[in-house]
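Student: Provided herewith: structure26.csv, CSV, C-alpha atoms.
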```
chain,number,residue,atom,x,y,z
A,1,MET,CA,124.8,112.4,30.3
A,2,LYS,CA,127.3,115.2,30.4
A,3,ILE,CA,129.0,114.9,33.8
A,4,PHE,CA,132.0,117.2,33.7
A,5,ASN,CA,134.3,117.9,30.8
A,6,ASN,CA,136.5,120.9,30.9
A,7,THR,CA,139.5,118.9,29.6
A,8,THR,CA,141.3,119.8,26.4
A,9,ALA,CA,142.5,116.2,26.1
A,10,ASP,CA,142.2,114.9,22.5
A,11,PRO,CA,140.8,111.4,22.6
A,12,HIS,CA,142.5,110.7,19.3
A,13,THR,CA,146.0,111.1,20.8
A,14,LEU,CA,145.4,109.7,24.3
A,15,GLY,CA,146.7,106.2,25.0
A,16,SER,CA,144.3,103.4,25.4
A,17,LEU,CA,144.9,103.0,29.1
A,18,ALA,CA,144.2,106.8,29.6
A,19,LEU,CA,140.9,106.3,27.7
A,20,ALA,CA,140.1,103.3,29.9
A,21,PHE,CA,140.9,105.3,33.0
A,22,ILE,CA,138.1,107.8,32.3
A,23,GLY,CA,135.9,105.1,30.7
A,24,ASP,CA,135.9,103.0,33.9
A,25,THR,CA,134.4,105.9,35.8
A,26,ILE,CA,131.8,106.5,33.1
A,27,PHE,CA,130.8,102.8,33.1
A,28,ASP,CA,130.6,102.8,36.9
A,29,LEU,CA,128.4,105.9,36.9
A,30,LEU,CA,126.0,104.3,34.4
A,31,ALA,CA,125.8,101.1,36.5
A,32,ARG,CA,125.2,103.0,39.7
A,33,GLY,CA,122.6,105.1,38.0
A,34,ALA,CA,120.8,102.0,36.8
A,35,VAL,CA,120.9,100.5,40.3
A,36,VAL,CA,119.6,103.7,42.0
A,37,SER,CA,116.8,103.9,39.4
A,38,GLU,CA,115.5,100.5,40.6
A,39,GLY,CA,114.5,102.1,43.9
A,40,ASN,CA,115.8,102.9,47.4
A,41,PHE,CA,117.7,99.9,48.8
A,42,PRO,CA,120.2,99.6,51.6
A,43,VAL,CA,123.6,100.8,50.3
A,44,ASN,CA,125.2,97.4,50.7
A,45,ILE,CA,122.6,95.9,48.4
A,46,MET,CA,123.1,98.7,45.9
A,47,HIS,CA,126.8,98.1,46.0
A,48,ARG,CA,126.4,94.4,45.4
A,49,LYS,CA,124.2,95.0,42.4
A,50,ALA,CA,126.6,97.6,40.9
A,51,LYS,CA,129.5,95.2,41.5
A,52,ALA,CA,127.6,92.6,39.4
A,53,ILE,CA,127.7,95.0,36.5
A,54,VAL,CA,131.1,96.7,37.0
A,55,ASN,CA,133.5,93.8,36.7
A,56,ALA,CA,135.7,92.2,34.0
A,57,THR,CA,133.5,89.2,33.4
A,58,ALA,CA,130.3,91.4,32.9
A,59,GLN,CA,132.2,93.9,30.7
A,60,SER,CA,133.6,91.1,28.7
A,61,LYS,CA,130.1,89.9,27.9
A,62,MET,CA,129.2,93.5,26.9
A,63,TYR,CA,132.2,93.5,24.6
A,64,SER,CA,130.7,90.5,22.7
A,65,VAL,CA,127.3,92.2,22.4
A,66,ILE,CA,128.4,95.7,21.3
A,67,GLU,CA,131.2,94.6,19.0
A,68,ASP,CA,128.9,94.2,16.0
A,69,MET,CA,127.3,97.6,16.6
A,70,LEU,CA,130.5,99.6,16.3
A,71,ASP,CA,131.7,101.5,13.3
A,72,GLU,CA,135.4,101.1,12.2
A,73,GLU,CA,136.7,103.9,14.3
A,74,GLU,CA,134.9,102.7,17.5
A,75,LEU,CA,136.0,99.1,16.9
A,76,ALA,CA,139.6,100.2,16.5
A,77,VAL,CA,139.5,102.1,19.8
A,78,MET,CA,138.0,99.1,21.6
A,79,LYS,CA,140.5,96.7,20.1
A,80,ARG,CA,143.4,99.0,21.0
A,81,GLY,CA,142.1,99.1,24.6
A,82,ARG,CA,141.8,95.3,24.6
A,83,ASN,CA,145.4,94.9,23.4
A,84,ALA,CA,146.9,97.5,25.6
A,85,LYS,CA,149.7,96.3,27.9
A,86,SER,CA,148.6,96.9,31.5
A,87,HIS,CA,150.8,96.5,34.5
A,88,THR,CA,147.9,95.3,36.6
A,89,SER,CA,145.4,92.5,36.3
A,90,ALA,CA,142.0,92.0,37.7
A,91,LYS,CA,141.6,89.9,40.9
A,92,ASN,CA,139.7,86.7,40.3
A,93,GLN,CA,139.1,87.4,36.6
A,94,SER,CA,140.6,85.8,33.5
A,95,ILE,CA,143.1,87.8,31.6
A,96,VAL,CA,140.9,87.6,28.5
A,97,ASP,CA,138.0,89.1,30.4
A,98,TYR,CA,140.2,91.7,31.9
A,99,ARG,CA,141.6,92.8,28.5
A,100,ARG,CA,138.1,92.8,26.9
A,101,ALA,CA,136.8,94.9,29.8
A,102,THR,CA,139.7,97.4,29.3
A,103,GLY,CA,138.6,97.6,25.6
A,104,VAL,CA,135.0,98.5,26.6
A,105,GLU,CA,136.3,101.1,29.1
A,106,ALA,CA,138.6,102.6,26.5
A,107,LEU,CA,135.7,102.9,24.1
A,108,PHE,CA,133.5,104.6,26.7
A,109,GLY,CA,136.3,107.0,27.6
A,110,TYR,CA,136.8,107.8,24.0
A,111,LEU,CA,133.1,108.5,23.3
A,112,TYR,CA,132.9,110.5,26.5
A,113,LEU,CA,135.7,112.8,25.6
A,114,LEU,CA,134.1,113.3,22.1
A,115,GLU,CA,130.9,114.2,24.0
A,116,ARG,CA,129.0,111.4,22.3
A,117,TYR,CA,126.8,110.7,25.3
A,118,ASP,CA,123.9,109.3,23.3
A,119,ARG,CA,126.2,106.7,21.7
A,120,ILE,CA,127.5,105.7,25.2
A,121,GLU,CA,124.0,105.2,26.4
A,122,GLU,CA,123.0,103.3,23.3
A,123,LEU,CA,125.9,100.9,23.7
A,124,TYR,CA,125.5,100.5,27.4
A,125,ASN,CA,121.8,99.8,27.2
A,126,ALA,CA,122.4,97.2,24.5
A,127,GLY,CA,125.1,95.5,26.5
A,128,ILE,CA,123.5,95.6,29.9
A,129,LYS,CA,120.7,93.4,28.7
A,130,GLU,CA,123.3,90.6,28.3
A,131,ILE,CA,124.8,91.2,31.7
A,132,LEU,CA,121.6,91.1,33.7
```
Now, as a test, write the supplied structure out as structure tokens.
Tutor:
Amino acid sequence: MKIFNNTTADPHTLGSLALAFIGDTIFDLLARGAVVSEGNFPVNIMHRKAKAIVNATAQSKMYSVIEDMLDEEELAVMKRGRNAKSHTSAKNQSIVDYRRATGVEALFGYLYLLERYDRIEELYNAGIKEIL
């Protein structure tokens, strides 16, 4: 799962929104990888399938699924991300879903920067079952 990580950023000191910034990309990459693994489809269909996974409503569902799987540290990171004050909001999404999605993204960013790729995949795979 290692993509690229030559950063010296310490995930313990980064703000929640910075963690969510990188976590959003990790989540998107996982979703796109899952879509591509289904086979060769026209790009517009693949994009539609990925969009069904990478949105606040779907990520909010994932939050509910993985919450009980987390240790104290992971749960604290996810809650910190959920409670972070963002200057933007999702289009056509509830604020609750948007905040919970930010929590999931923060957790994925945190785990990525710690190079805990197996844990990211474990949580993603558990949560994706609820989304699909």
Student: Rank nothing, just name the residue among A:Ala52, A:Met69, A:Leu114, A:Val35 nearest to Asp10 in chain A, using only C-alpha atoms.
Tutor: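 Among the listed residues, the smallest separation from Asp10 in chain A belongs to A:Leu114.
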Student: With distances taken over all atoms listed in the file, which of A:Val96, A:Leu30, A:Val77, A:Leu19 is nearest to Lys61 in chain A?
Tutor: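 Once distances to Lys61 in chain A are computed over all atoms listed in the file, the minimum belongs to A:Val96.
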Student: Using CA of Asp97 in chain A and CA of Arg119 in chain A as the two end points, give the distance in Å to one decimal.
Tutor: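 For CA of Asp97 in chain A relative to CA of Arg119 in chain A, the distance reads 22.9 Å.
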Student: At a cut-off of 12 Å from (128.8, 93.1, 39.8) in the coordinates of the file, what residues are picked up using only C-alpha atoms, written as JSON, numbers by chain?
Tutor: {"A": [27, 28, 31, 32, 35, 45, 46, 47, 48, 49, 50, 51, 52, 53, 54, 55, 56, 57, 58, 59, 128, 131, 132]}
Student: Work out how far apart CA of Asn83 in chain A and CA of Arg99 in chain A are and give it in Å to one decimal.
Tutor: 6.7 Å
Student: Distance CA of Glu67 in chain A-CA of Ile95 in chain A, one decimal place?
Tutor: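 About the pair CA of Glu67 in chain A and CA of Ile95 in chain A: they are 18.6 Å apart.
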Student: List as a PyMOL selection string the protein and nucleic acid residues near range 71-76 of chain A, meaning an atom at most 9 Å away when all atoms listed in the file are counted, but skip any in the same chain fewer than 3 places from it.
Tutor: chain A and resi 67-68+79-81+107+110-111
Student: Give me the box for range 95-109 of chain A as AutoDock Vina command-line options, namely the centre and edge lengths in Å to one decimal of a box along x, y and z that holds every listed atom plus 6 Å on each side.
Tutor:
```
--center_x 138.3 --center_y 97.3 --center_z 28.0 --size_x 21.6 --size_y 31.4 --size_z 19.8
```
Student: For Gly127 in chain A, which of A:Asn40, A:Ser16, A:Ser60, A:Ser94 is the closest residue, counting only C-alpha atoms?
Tutor: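 Checking each candidate against Gly127 in chain A, we get A:Ser60 as the closest.
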Student: For a quick check of understanding, using only C-alpha atoms, which of A:Ala106, A:Val65, A:Leu113, A:Ala101 has the smallest distance to Gly15 in chain A?
Tutor: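 Comparing A:Ala106, A:Val65, A:Leu113, A:Ala101 against Gly15 in chain A, the winner is A:Ala106.
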Student: Would you mind telling me which residue in A:Leu29, A:Ile22, A:Leu14, A:Met62 lies nearest to Glu130 in chain A when using all atoms listed in the file?
Tutor: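 Going through A:Leu29, A:Ile22, A:Leu14, A:Met62 one by one, the smallest distance to Glu130 in chain A is for A:Met62.
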Student: Which residue is closest to Pro11 in chain A? Choose from A:Val104, A:Gly23, A:Glu121, A:Val43 and count only C-alpha atoms.
Tutor: A:Gly23
